[in-house]
>>> print(open('model-v2.cif').read())   # mmCIF, C-alpha atoms and all ligand atoms
data_my_file
#
loop_
_atom_site.group_PDB
_atom_site.id
_atom_site.type_symbol
_atom_site.label_atom_id
_atom_site.label_comp_id
_atom_site.auth_asym_id
_atom_site.auth_seq_id
_atom_site.Cartn_x
_atom_site.Cartn_y
_atom_site.Cartn_z
ATOM 1 C CA MET H 1 -79.791 74.253 19.634
ATOM 2 C CA SER H 2 -77.445 76.726 21.314
ATOM 3 C CA GLN H 3 -76.375 79.735 19.306
ATOM 4 C CA GLU H 4 -72.640 78.978 19.424
ATOM 5 C CA PRO H 5 -72.389 76.583 16.455
ATOM 6 C CA ILE H 6 -74.483 78.995 14.360
ATOM 7 C CA GLN H 7 -72.192 81.886 15.277
ATOM 8 C CA TYR H 8 -69.086 79.771 14.655
ATOM 9 C CA ALA H 9 -70.407 78.815 11.220
ATOM 10 C CA ALA H 10 -71.234 82.442 10.448
ATOM 11 C CA ASP H 11 -67.744 83.566 11.511
ATOM 12 C CA LEU H 12 -66.065 80.976 9.281
ATOM 13 C CA VAL H 13 -68.245 81.980 6.324
ATOM 14 C CA ARG H 14 -67.679 85.705 6.890
ATOM 15 C CA ASP H 15 -63.891 85.295 6.986
ATOM 16 C CA ALA H 16 -63.705 83.070 3.888
ATOM 17 C CA ARG H 17 -62.472 84.298 0.522
ATOM 18 C CA TYR H 18 -64.089 81.442 -1.387
ATOM 19 C CA VAL H 19 -67.145 79.546 -0.159
ATOM 20 C CA VAL H 20 -68.421 76.424 -1.916
ATOM 21 C CA ILE H 21 -71.971 75.332 -1.090
ATOM 22 C CA LEU H 22 -72.537 71.636 -1.790
ATOM 23 C CA THR H 23 -76.210 70.702 -1.662
ATOM 24 C CA GLY H 24 -78.216 67.499 -1.880
ATOM 25 C CA ALA H 25 -81.820 66.400 -1.800
ATOM 26 C CA GLY H 26 -82.273 67.443 1.853
ATOM 27 C CA VAL H 27 -82.198 71.137 0.944
ATOM 28 C CA SER H 28 -85.298 70.660 -1.238
ATOM 29 C CA LYS H 29 -87.166 68.438 1.201
ATOM 30 C CA GLU H 30 -88.902 71.342 2.922
ATOM 31 C CA SER H 31 -90.152 72.369 -0.532
ATOM 32 C CA GLY H 32 -91.949 69.043 -0.861
ATOM 33 C CA VAL H 33 -89.453 67.269 -3.151
ATOM 34 C CA PRO H 34 -88.707 63.864 -1.611
ATOM 35 C CA THR H 35 -85.130 62.806 -0.914
ATOM 36 C CA PHE H 36 -83.718 59.624 -2.440
ATOM 37 C CA ARG H 37 -83.241 57.504 0.648
ATOM 38 C CA GLU H 38 -86.523 58.033 2.434
ATOM 39 C CA ALA H 39 -89.742 56.195 1.605
ATOM 40 C CA MET H 40 -91.789 57.833 -1.154
ATOM 41 C CA ASP H 41 -95.441 58.738 -0.701
ATOM 42 C CA GLY H 42 -98.593 57.352 -2.244
ATOM 43 C CA LEU H 43 -98.429 55.752 -5.658
ATOM 44 C CA TRP H 44 -94.684 55.339 -5.658
ATOM 45 C CA SER H 45 -94.234 54.089 -2.110
ATOM 46 C CA HIS H 46 -93.423 50.550 -3.280
ATOM 47 C CA TYR H 47 -90.545 51.629 -5.487
ATOM 48 C CA ASP H 48 -86.943 52.324 -4.576
ATOM 49 C CA PRO H 49 -85.544 55.381 -6.391
ATOM 50 C CA GLN H 50 -82.177 53.674 -6.622
ATOM 51 C CA GLN H 51 -83.835 50.883 -8.628
ATOM 52 C CA LEU H 52 -85.607 53.325 -10.963
ATOM 53 C CA ALA H 53 -82.825 55.833 -11.654
ATOM 54 C CA THR H 54 -80.679 53.601 -13.844
ATOM 55 C CA PRO H 55 -80.265 53.031 -17.607
ATOM 56 C CA HIS H 56 -80.955 49.358 -16.925
ATOM 57 C CA ALA H 57 -84.356 50.144 -15.333
ATOM 58 C CA PHE H 58 -85.219 52.434 -18.243
ATOM 59 C CA ARG H 59 -84.389 49.758 -20.821
ATOM 60 C CA ALA H 60 -86.339 47.153 -18.847
ATOM 61 C CA ASN H 61 -89.439 49.291 -18.263
ATOM 62 C CA PRO H 62 -89.242 52.663 -20.014
ATOM 63 C CA GLN H 63 -92.869 53.566 -19.310
ATOM 64 C CA LEU H 64 -92.499 52.998 -15.560
ATOM 65 C CA VAL H 65 -89.334 55.090 -15.294
ATOM 66 C CA TRP H 66 -90.780 57.823 -17.517
ATOM 67 C CA GLU H 67 -93.952 58.008 -15.364
ATOM 68 C CA TRP H 68 -91.853 58.189 -12.193
ATOM 69 C CA TYR H 69 -90.008 61.178 -13.683
ATOM 70 C CA GLU H 70 -93.296 62.758 -14.737
ATOM 71 C CA TRP H 71 -94.348 62.519 -11.086
ATOM 72 C CA ARG H 72 -91.055 64.006 -9.840
ATOM 73 C CA ARG H 73 -91.296 66.761 -12.453
ATOM 74 C CA SER H 74 -94.791 67.663 -11.315
ATOM 75 C CA LEU H 75 -93.591 67.862 -7.700
ATOM 76 C CA VAL H 76 -90.726 70.143 -8.715
ATOM 77 C CA SER H 77 -92.891 72.404 -10.855
ATOM 78 C CA GLU H 78 -95.464 72.763 -8.070
ATOM 79 C CA SER H 79 -92.830 73.407 -5.397
ATOM 80 C CA MET H 80 -91.377 76.710 -4.262
ATOM 81 C CA PRO H 81 -87.914 77.522 -2.927
ATOM 82 C CA ASN H 82 -87.851 77.244 0.869
ATOM 83 C CA ALA H 83 -86.143 79.399 3.480
ATOM 84 C CA GLY H 84 -82.914 77.399 3.057
ATOM 85 C CA HIS H 85 -82.699 78.127 -0.693
ATOM 86 C CA MET H 86 -83.515 81.783 0.003
ATOM 87 C CA ALA H 87 -80.783 82.044 2.645
ATOM 88 C CA LEU H 88 -78.198 80.611 0.232
ATOM 89 C CA ALA H 89 -79.208 83.073 -2.490
ATOM 90 C CA GLN H 90 -78.919 85.873 0.075
ATOM 91 C CA LEU H 91 -75.462 84.643 1.037
ATOM 92 C CA GLU H 92 -74.361 84.880 -2.595
ATOM 93 C CA GLN H 93 -75.537 88.517 -2.624
ATOM 94 C CA LEU H 94 -74.091 89.493 0.749
ATOM 95 C CA HIS H 95 -70.709 87.846 0.679
ATOM 96 C CA PRO H 96 -67.849 89.913 -0.690
ATOM 97 C CA GLY H 97 -65.829 86.823 -1.658
ATOM 98 C CA ASP H 98 -66.493 84.153 -4.263
ATOM 99 C CA ILE H 99 -69.422 81.788 -3.807
ATOM 100 C CA LEU H 100 -70.193 78.747 -5.930
ATOM 101 C CA THR H 101 -73.161 76.452 -5.361
ATOM 102 C CA VAL H 102 -72.517 72.867 -6.463
ATOM 103 C CA THR H 103 -75.741 70.902 -6.351
ATOM 104 C CA GLN H 104 -76.625 67.265 -6.811
ATOM 105 C CA ASN H 105 -80.241 68.313 -7.178
ATOM 106 C CA VAL H 106 -81.911 68.174 -10.556
ATOM 107 C CA ASP H 107 -84.543 70.764 -9.605
ATOM 108 C CA ASP H 108 -84.174 74.507 -10.242
ATOM 109 C CA LEU H 109 -85.046 75.710 -6.745
ATOM 110 C CA HIS H 110 -81.644 77.365 -6.169
ATOM 111 C CA GLU H 111 -82.119 79.348 -9.393
ATOM 112 C CA ARG H 112 -85.683 80.271 -8.482
ATOM 113 C CA ALA H 113 -84.482 81.508 -5.076
ATOM 114 C CA GLY H 114 -82.036 83.825 -6.889
ATOM 115 C CA SER H 115 -78.692 82.001 -6.752
ATOM 116 C CA GLN H 116 -76.727 82.647 -9.927
ATOM 117 C CA ARG H 117 -73.443 80.792 -9.760
ATOM 118 C CA ILE H 118 -74.534 77.155 -9.814
ATOM 119 C CA VAL H 119 -73.074 73.912 -11.072
ATOM 120 C CA HIS H 120 -75.531 71.033 -11.548
ATOM 121 C CA LEU H 121 -73.644 67.763 -11.120
ATOM 122 C CA HIS H 122 -76.574 65.486 -11.902
ATOM 123 C CA GLY H 123 -78.349 67.358 -14.693
ATOM 124 C CA ASN H 124 -81.719 69.046 -14.969
ATOM 125 C CA ILE H 125 -85.011 67.220 -14.574
ATOM 126 C CA ALA H 126 -86.910 69.739 -16.698
ATOM 127 C CA ARG H 127 -84.862 68.907 -19.808
ATOM 128 C CA ASN H 128 -85.114 65.913 -22.132
ATOM 129 C CA LYS H 129 -82.578 64.202 -24.323
ATOM 130 C CA CYS H 130 -82.359 61.292 -26.749
ATOM 131 C CA PHE H 131 -81.583 58.026 -24.938
ATOM 132 C CA ASP H 132 -79.310 56.996 -27.820
ATOM 133 C CA SER H 133 -77.588 60.420 -28.121
ATOM 134 C CA CYS H 134 -78.317 60.163 -31.845
ATOM 135 C CA GLN H 135 -76.930 63.642 -32.643
ATOM 136 C CA GLY H 136 -74.023 63.423 -30.169
ATOM 137 C CA GLU H 137 -73.862 63.460 -26.373
ATOM 138 C CA PRO H 138 -76.090 65.028 -25.142
ATOM 139 C CA THR H 139 -78.804 65.325 -27.801
ATOM 140 C CA LEU H 140 -81.012 67.802 -25.923
ATOM 141 C CA LEU H 141 -84.604 68.044 -27.081
ATOM 142 C CA ASP H 142 -86.108 71.442 -26.326
ATOM 143 C CA THR H 143 -89.543 70.735 -27.685
ATOM 144 C CA LEU H 144 -91.356 67.469 -28.064
ATOM 145 C CA ASP H 145 -94.306 66.772 -30.298
ATOM 146 C CA ALA H 146 -97.295 67.559 -28.046
ATOM 147 C CA THR H 147 -99.517 65.269 -30.085
ATOM 148 C CA ASN H 148 -97.197 62.333 -29.401
ATOM 149 C CA ASP H 149 -98.517 60.749 -26.231
ATOM 150 C CA SER H 150 -96.286 57.679 -26.105
ATOM 151 C CA LYS H 151 -94.505 57.116 -22.817
ATOM 152 C CA PRO H 152 -91.670 57.807 -23.142
ATOM 153 C CA PRO H 153 -92.056 60.127 -26.135
ATOM 154 C CA ARG H 154 -90.050 59.468 -29.288
ATOM 155 C CA CYS H 155 -86.932 61.349 -30.356
ATOM 156 C CA PRO H 156 -87.829 63.610 -33.312
ATOM 157 C CA TYR H 157 -84.473 62.798 -34.994
ATOM 158 C CA CYS H 158 -84.195 59.022 -34.718
ATOM 159 C CA GLY H 159 -87.529 57.798 -33.343
ATOM 160 C CA GLY H 160 -85.750 56.304 -30.299
ATOM 161 C CA MET H 161 -86.728 56.863 -26.681
ATOM 162 C CA VAL H 162 -86.648 60.224 -24.947
ATOM 163 C CA ARG H 163 -85.309 60.363 -21.389
ATOM 164 C CA PRO H 164 -84.824 63.088 -18.785
ATOM 165 C CA ASP H 165 -81.469 64.908 -18.860
ATOM 166 C CA VAL H 166 -80.352 63.607 -15.464
ATOM 167 C CA VAL H 167 -77.409 61.471 -14.430
ATOM 168 C CA TRP H 168 -78.451 57.956 -13.498
ATOM 169 C CA PHE H 169 -76.602 55.458 -11.316
ATOM 170 C CA GLY H 170 -73.761 53.949 -13.293
ATOM 171 C CA GLU H 171 -73.463 56.976 -15.625
ATOM 172 C CA THR H 172 -70.685 59.544 -15.723
ATOM 173 C CA LEU H 173 -71.251 63.159 -14.701
ATOM 174 C CA PRO H 174 -71.052 66.015 -17.232
ATOM 175 C CA VAL H 175 -67.296 66.603 -17.526
ATOM 176 C CA HIS H 176 -67.369 70.399 -17.326
ATOM 177 C CA ALA H 177 -69.581 70.269 -14.203
ATOM 178 C CA ILE H 178 -67.497 67.813 -12.204
ATOM 179 C CA ASN H 179 -64.239 69.494 -13.277
ATOM 180 C CA ARG H 180 -65.498 72.869 -12.111
ATOM 181 C CA ALA H 181 -66.662 71.351 -8.822
ATOM 182 C CA ILE H 182 -63.312 69.639 -8.235
ATOM 183 C CA GLU H 183 -61.387 72.835 -8.926
ATOM 184 C CA ALA H 184 -63.644 74.850 -6.606
ATOM 185 C CA SER H 185 -63.319 72.233 -3.864
ATOM 186 C CA GLN H 186 -59.530 72.463 -4.072
ATOM 187 C CA LEU H 187 -59.557 76.254 -3.897
ATOM 188 C CA CYS H 188 -62.293 77.093 -1.380
ATOM 189 C CA ASP H 189 -61.560 77.892 2.238
ATOM 190 C CA VAL H 190 -65.051 77.018 3.509
ATOM 191 C CA MET H 191 -67.407 74.342 2.217
ATOM 192 C CA LEU H 192 -71.010 74.240 3.404
ATOM 193 C CA VAL H 193 -72.311 70.696 2.948
ATOM 194 C CA ILE H 194 -76.100 70.773 3.156
ATOM 195 C CA GLY H 195 -78.721 68.048 2.947
ATOM 196 C CA THR H 196 -76.644 65.294 1.414
ATOM 197 C CA SER H 197 -76.172 61.758 2.692
ATOM 198 C CA GLY H 198 -72.589 61.766 1.378
ATOM 199 C CA LEU H 199 -73.083 58.315 -0.075
ATOM 200 C CA VAL H 200 -73.006 58.963 -3.817
ATOM 201 C CA ASN H 201 -69.699 59.442 -5.601
ATOM 202 C CA PRO H 202 -68.060 61.459 -7.006
ATOM 203 C CA ALA H 203 -70.019 64.239 -5.210
ATOM 204 C CA ALA H 204 -69.260 62.644 -1.842
ATOM 205 C CA GLN H 205 -65.540 63.045 -2.538
ATOM 206 C CA LEU H 206 -65.755 66.823 -2.827
ATOM 207 C CA PRO H 207 -65.859 67.574 0.938
ATOM 208 C CA ILE H 208 -62.927 65.181 1.422
ATOM 209 C CA LEU H 209 -60.978 67.012 -1.270
ATOM 210 C CA ALA H 210 -61.851 70.381 0.267
ATOM 211 C CA ALA H 211 -60.802 69.262 3.754
ATOM 212 C CA GLN H 212 -57.539 67.819 2.408
ATOM 213 C CA ASN H 213 -56.815 71.221 0.881
ATOM 214 C CA GLY H 214 -57.385 73.007 4.186
ATOM 215 C CA ALA H 215 -61.015 74.115 3.884
ATOM 216 C CA SER H 216 -63.284 74.220 6.927
ATOM 217 C CA ILE H 217 -66.327 71.998 6.453
ATOM 218 C CA ILE H 218 -69.688 73.114 7.862
ATOM 219 C CA GLU H 219 -72.350 70.428 7.662
ATOM 220 C CA VAL H 220 -76.097 71.104 7.864
ATOM 221 C CA ASN H 221 -78.095 67.906 8.231
ATOM 222 C CA PRO H 222 -80.469 66.435 10.821
ATOM 223 C CA ASP H 223 -78.547 63.143 10.604
ATOM 224 C CA THR H 224 -74.975 61.950 10.959
ATOM 225 C CA THR H 225 -73.303 61.192 7.627
ATOM 226 C CA PRO H 226 -69.850 60.039 6.462
ATOM 227 C CA ILE H 227 -69.047 63.763 6.132
ATOM 228 C CA THR H 228 -69.782 64.511 9.798
ATOM 229 C CA PRO H 229 -66.322 63.479 11.091
ATOM 230 C CA LEU H 230 -64.747 65.962 8.657
ATOM 231 C CA ALA H 231 -66.903 68.856 9.812
ATOM 232 C CA LYS H 232 -65.475 71.689 11.884
ATOM 233 C CA VAL H 233 -69.063 72.724 12.630
ATOM 234 C CA LYS H 234 -72.105 70.470 12.517
ATOM 235 C CA LEU H 235 -75.498 72.185 12.473
ATOM 236 C CA THR H 236 -77.967 69.455 13.341
ATOM 237 C CA GLY H 237 -81.405 70.110 11.906
ATOM 238 C CA ALA H 238 -83.320 71.264 8.867
ATOM 239 C CA SER H 239 -81.594 73.612 6.425
ATOM 240 C CA GLY H 240 -84.747 75.756 6.102
ATOM 241 C CA GLU H 241 -84.514 76.524 9.803
ATOM 242 C CA LEU H 242 -80.764 76.717 10.328
ATOM 243 C CA LEU H 243 -79.491 78.548 7.242
ATOM 244 C CA PRO H 244 -81.555 81.721 7.885
ATOM 245 C CA GLN H 245 -80.042 81.762 11.388
ATOM 246 C CA VAL H 246 -76.534 81.601 9.920
ATOM 247 C CA ILE H 247 -77.353 84.559 7.656
ATOM 248 C CA MET H 248 -78.730 86.514 10.625
ATOM 249 C CA ALA H 249 -75.548 85.829 12.581
ATOM 250 C CA LEU H 250 -73.484 86.903 9.564
ATOM 251 C CA GLU H 251 -75.172 90.259 9.322
ATOM 252 C CA VAL H 252 -74.651 91.347 12.958
HETATM 253 P P1 LIG L 1 -80.130 61.622 -0.127
HETATM 254 O O1 LIG L 1 -81.592 61.355 -0.254
HETATM 255 O O2 LIG L 1 -79.161 60.505 -0.200
HETATM 256 O O3 LIG L 1 -79.846 62.334 1.280
HETATM 257 C C1 LIG L 1 -80.616 63.401 1.738
HETATM 258 C C2 LIG L 1 -79.962 63.927 2.987
HETATM 259 O O4 LIG L 1 -80.691 65.080 3.388
HETATM 260 C C3 LIG L 1 -79.965 62.957 4.173
HETATM 261 O O5 LIG L 1 -78.672 62.899 4.740
HETATM 262 C C4 LIG L 1 -80.973 63.582 5.135
HETATM 263 O O6 LIG L 1 -80.607 63.363 6.496
HETATM 264 C C5 LIG L 1 -80.840 65.041 4.797
HETATM 265 N N1 LIG L 1 -82.031 65.851 5.101
HETATM 266 C C6 LIG L 1 -83.316 65.458 5.180
HETATM 267 N N2 LIG L 1 -84.097 66.497 5.449
HETATM 268 C C7 LIG L 1 -83.299 67.598 5.544
HETATM 269 C C8 LIG L 1 -83.528 68.980 5.794
HETATM 270 N N3 LIG L 1 -84.753 69.461 5.981
HETATM 271 N N4 LIG L 1 -82.451 69.802 5.812
HETATM 272 C C9 LIG L 1 -81.208 69.315 5.591
HETATM 273 N N5 LIG L 1 -80.941 68.039 5.350
HETATM 274 C C10 LIG L 1 -81.965 67.176 5.323
HETATM 275 O O7 LIG L 1 -79.798 62.751 -1.182
HETATM 276 P P2 LIG L 1 -78.426 63.130 -1.859
HETATM 277 O O8 LIG L 1 -77.297 63.053 -0.888
HETATM 278 O O9 LIG L 1 -78.657 64.392 -2.597
HETATM 279 O O10 LIG L 1 -78.513 61.115 -7.737
HETATM 280 O O11 LIG L 1 -78.282 61.965 -2.884
HETATM 281 C C11 LIG L 1 -77.241 62.037 -3.791
HETATM 282 C C12 LIG L 1 -77.678 61.562 -5.111
HETATM 283 O O12 LIG L 1 -78.180 60.242 -5.000
HETATM 284 C C13 LIG L 1 -78.831 62.328 -5.726
HETATM 285 O O13 LIG L 1 -78.409 63.455 -6.422
HETATM 286 C C14 LIG L 1 -79.404 61.324 -6.644
HETATM 287 C C15 LIG L 1 -79.415 60.160 -5.714
HETATM 288 O O14 LIG L 1 -79.572 58.984 -6.275
HETATM 289 C C16 LIG L 1 -78.984 61.029 -8.956
HETATM 290 O O15 LIG L 1 -80.143 61.191 -9.250
HETATM 291 C C17 LIG L 1 -77.907 60.700 -9.908
#
>>> encode(input="model-v2.cif", output="structure tokens")
Amino acid sequence: MSQEPIQYAADLVRDARYVVILTGAGVSKESGVPTFREAMDGLWSHYDPQQLATPHAFRANPQLVWEWYEWRRSLVSESMPNAGHMALAQLEQLHPGDILTVTQNVDDLHERAGSQRIVHLHGNIARNKCFDSCQGEPTLLDTLDATNDSKPPRCPYCGGMVRPDVVWFGETLPVHAINRAIEASQLCDVMLVIGTSGLVNPAAQLPILAAQNGASIIEVNPDTTPITPLAKVKLTGASGELLPQVIMALEV
């Protein structure tokens, strides 16, 4: 691609007082974590993530959903932050203004790259909680009985099912996380929208809110999305390739 859109994006970011970075599954793809709307590999290729990531699916077949999460967890724990995550962490360091990363991802690759100001809209795949919230919502379970090999494991308080601490389709987002993201979207002057299909609400509303409040939207995605028409700059391609170029252009 020509250098102009990269330079334009870098200029907008440099001049901003408050930058919000909204990320989705695409930013972790180059780390080997599959996105939600592309076919899965191997064992899980016959399943649709949108059919598995629901409370209904978990009730209907808890073992299947638990094993799917065990697989996703193993992919996340074996993966490393890619050049896109590293560039975003570098941006947080370099930029004199405020930066907040709002991610839909349930992995910890932004943290492992060094980003510090992060809001997780859809929870954290490494954590577990009681499906019945027996001690209040959420009943987080730090340690599970290692000798208990039932799938899913049992809640040590009530004996009910343990589930991952992620937001499933049809569930509400953690209130503090979505409120912080909404406030940041209203206040930022640039929003980088990276690796998200823009199809899942309420996260998909955040770029609309930012644009309505005067922010410039910069989209990084190989595909066209519902966010593309809002974007002042569209960087078409992989975030692991394009984001380091934006940082380079920022530094000169
Ligand atoms: P999706 O899987 O819907 O979209 C991934 C996006 O990343 C697509 O638009 C791809 O074109 C783009 N993409 C692919 N490779 C890329 C790369 N190397 N660099 C940049 N972009 C790339 O993922 P999300 O939009 O994150 O929710 O999905 C939103 C939510 O729906 C997820 O958080 C998850 C899912 O169901 C829950 O688990 C609640």
>>> resolve_selection(input="model-v2.cif", expression="the PyMOL selection byres (((chain H and resi 236-243) around 12) and not hetatm)", output="PyMOL selection string")
chain H and resi 1-3+5-7+9-10+13+21+23-31+81-91+192-196+218-225+228+231+233-235+244-250
>>> resolve_selection(input="model-v2.cif", expression="the PyMOL selection byres (((chain H and resi 44-59) around 10) and not hetatm)", output="list of chain:residue names")
H:Thr35, H:Phe36, H:Arg37, H:Glu38, H:Ala39, H:Met40, H:Asp41, H:Gly42, H:Leu43, H:Ala60, H:Asn61, H:Pro62, H:Gln63, H:Leu64, H:Val65, H:Trp66, H:Trp68, H:Tyr69, H:Trp71, H:Phe131, H:Pro152, H:Met161, H:Arg163, H:Val166, H:Val167, H:Trp168, H:Phe169, H:Gly170, H:Glu171
>>> axis_aligned_box(input="model-v2.cif", around="stretch 224-239 of chain H", padding_each_side="4 Å", output="JSON")
{"center_x": -74.0, "center_y": 66.8, "center_z": 9.7, "size_x": 26.6, "size_y": 21.6, "size_z": 15.2}
>>> closest_residue(input="model-v2.cif", among="H:Ser216, H:Gln93, H:Asn105, H:Gln135", to="ligand LIG 1 (chain L)", atoms="all atoms listed in the file")
H:Asn105
>>> closest_residue(input="model-v2.cif", among="H:Asp107, H:Glu67, H:Asp132, H:Asp145", to="ligand LIG 1 (chain L)", atoms="all atoms listed in the file")
H:Asp107
>>> residues_around(input="model-v2.cif", residues="H:His120", least_positions_apart="6", cutoff="12 Å", atoms="only C-alpha atoms", output="ChimeraX atom specification")
/H:21-24,100-111,165-167,173-181,203
>>> write_last_selection(input="model-v2.cif", atoms="C-alpha atoms", output="tab-separated table (two decimals), in the frame of the given file")
chain	number	residue	atom	x	y	z
H	21	ILE	CA	-71.97	75.33	-1.09
H	22	LEU	CA	-72.54	71.64	-1.79
H	23	THR	CA	-76.21	70.70	-1.66
H	24	GLY	CA	-78.22	67.50	-1.88
H	100	LEU	CA	-70.19	78.75	-5.93
H	101	THR	CA	-73.16	76.45	-5.36
H	102	VAL	CA	-72.52	72.87	-6.46
H	103	THR	CA	-75.74	70.90	-6.35
H	104	GLN	CA	-76.62	67.26	-6.81
H	105	ASN	CA	-80.24	68.31	-7.18
H	106	VAL	CA	-81.91	68.17	-10.56
H	107	ASP	CA	-84.54	70.76	-9.60
H	108	ASP	CA	-84.17	74.51	-10.24
H	109	LEU	CA	-85.05	75.71	-6.74
H	110	HIS	CA	-81.64	77.36	-6.17
H	111	GLU	CA	-82.12	79.35	-9.39
H	165	ASP	CA	-81.47	64.91	-18.86
H	166	VAL	CA	-80.35	63.61	-15.46
H	167	VAL	CA	-77.41	61.47	-14.43
H	173	LEU	CA	-71.25	63.16	-14.70
H	174	PRO	CA	-71.05	66.02	-17.23
H	175	VAL	CA	-67.30	66.60	-17.53
H	176	HIS	CA	-67.37	70.40	-17.33
H	177	ALA	CA	-69.58	70.27	-14.20
H	178	ILE	CA	-67.50	67.81	-12.20
H	179	ASN	CA	-64.24	69.49	-13.28
H	180	ARG	CA	-65.50	72.87	-12.11
H	181	ALA	CA	-66.66	71.35	-8.82
H	203	ALA	CA	-70.02	64.24	-5.21
>>> resolve_selection(input="model-v2.cif", expression="the PyMOL selection byres (((chain H and resi 137-139) around 10) and not hetatm)", output="number ranges by chain")
H: 128-136, 140-142, 155, 157, 162, 165, 174
>>> atom_distance(input="model-v2.cif", atom1="atom C16 of ligand LIG 1 (chain L)", atom2="atom CA of H:Ser79")
18.9 Å
>>> atom_distance(input="model-v2.cif", atom1="atom CA of H:Leu199", atom2="atom CA of H:Leu75")
23.9 Å
>>> closest_residue(input="model-v2.cif", among="H:Ala210, H:Ile182, H:Cys158, H:Val76", to="H:Val119", atoms="only C-alpha atoms")
H:Ile182
>>> closest_residue(input="model-v2.cif", among="H:Pro156, H:Gly198, H:Gly97, H:Gly32", to="H:Val20", atoms="all atoms listed in the file")
H:Gly97
>>> closest_residue(input="model-v2.cif", among="H:Leu144, H:Cys188, H:Leu94, H:Ile125", to="ligand LIG 1 (chain L)", atoms="only C-alpha atoms and all ligand atoms")
H:Ile125
>>> closest_residue(input="model-v2.cif", among="H:Arg112, H:Arg73, H:Arg117, H:His122", to="ligand LIG 1 (chain L)", atoms="all atoms listed in the file")
H:His122
>>> build_atoms(input="model-v2.cif", residues="stretch 77-91 of chain H", atoms="N, CA and C atoms", output="PDB file, in the frame of the given file")
ATOM      1  N   SER H  77     -92.273  71.207 -10.273  1.00  0.00           N
ATOM      2  CA  SER H  77     -92.891  72.404 -10.855  1.00  0.00           C
ATOM      3  C   SER H  77     -93.923  73.024  -9.910  1.00  0.00           C
ATOM      4  N   GLU H  78     -94.494  72.205  -9.032  1.00  0.00           N
ATOM      5  CA  GLU H  78     -95.464  72.763  -8.070  1.00  0.00           C
ATOM      6  C   GLU H  78     -94.780  73.313  -6.819  1.00  0.00           C
ATOM      7  N   SER H  79     -93.488  73.025  -6.653  1.00  0.00           N
ATOM      8  CA  SER H  79     -92.830  73.407  -5.397  1.00  0.00           C
ATOM      9  C   SER H  79     -92.256  74.821  -5.493  1.00  0.00           C
ATOM     10  N   MET H  80     -91.962  75.365  -4.341  1.00  0.00           N
ATOM     11  CA  MET H  80     -91.377  76.710  -4.262  1.00  0.00           C
ATOM     12  C   MET H  80     -90.075  76.619  -3.475  1.00  0.00           C
ATOM     13  N   PRO H  81     -89.125  77.515  -3.750  1.00  0.00           N
ATOM     14  CA  PRO H  81     -87.914  77.522  -2.927  1.00  0.00           C
ATOM     15  C   PRO H  81     -88.289  77.721  -1.460  1.00  0.00           C
ATOM     16  N   ASN H  82     -87.570  77.070  -0.559  1.00  0.00           N
ATOM     17  CA  ASN H  82     -87.851  77.244   0.869  1.00  0.00           C
ATOM     18  C   ASN H  82     -86.843  78.218   1.497  1.00  0.00           C
ATOM     19  N   ALA H  83     -86.979  78.394   2.797  1.00  0.00           N
ATOM     20  CA  ALA H  83     -86.143  79.399   3.480  1.00  0.00           C
ATOM     21  C   ALA H  83     -84.651  79.070   3.375  1.00  0.00           C
ATOM     22  N   GLY H  84     -84.318  77.782   3.223  1.00  0.00           N
ATOM     23  CA  GLY H  84     -82.914  77.399   3.057  1.00  0.00           C
ATOM     24  C   GLY H  84     -82.369  77.866   1.713  1.00  0.00           C
ATOM     25  N   HIS H  85     -83.121  77.634   0.631  1.00  0.00           N
ATOM     26  CA  HIS H  85     -82.699  78.127  -0.693  1.00  0.00           C
ATOM     27  C   HIS H  85     -82.558  79.655  -0.668  1.00  0.00           C
ATOM     28  N   MET H  86     -83.530  80.309  -0.018  1.00  0.00           N
ATOM     29  CA  MET H  86     -83.515  81.783   0.003  1.00  0.00           C
ATOM     30  C   MET H  86     -82.280  82.293   0.747  1.00  0.00           C
ATOM     31  N   ALA H  87     -81.952  81.618   1.862  1.00  0.00           N
ATOM     32  CA  ALA H  87     -80.783  82.044   2.645  1.00  0.00           C
ATOM     33  C   ALA H  87     -79.497  81.901   1.821  1.00  0.00           C
ATOM     34  N   LEU H  88     -79.410  80.822   1.037  1.00  0.00           N
ATOM     35  CA  LEU H  88     -78.198  80.611   0.232  1.00  0.00           C
ATOM     36  C   LEU H  88     -78.079  81.651  -0.881  1.00  0.00           C
ATOM     37  N   ALA H  89     -79.226  82.020  -1.460  1.00  0.00           N
ATOM     38  CA  ALA H  89     -79.208  83.073  -2.490  1.00  0.00           C
ATOM     39  C   ALA H  89     -78.793  84.404  -1.855  1.00  0.00           C
ATOM     40  N   GLN H  90     -79.274  84.638  -0.648  1.00  0.00           N
ATOM     41  CA  GLN H  90     -78.919  85.873   0.075  1.00  0.00           C
ATOM     42  C   GLN H  90     -77.425  85.891   0.382  1.00  0.00           C
ATOM     43  N   LEU H  91     -76.899  84.733   0.741  1.00  0.00           N
ATOM     44  CA  LEU H  91     -75.462  84.643   1.037  1.00  0.00           C
ATOM     45  C   LEU H  91     -74.641  85.023  -0.194  1.00  0.00           C
TER      46      LEU H  91
END
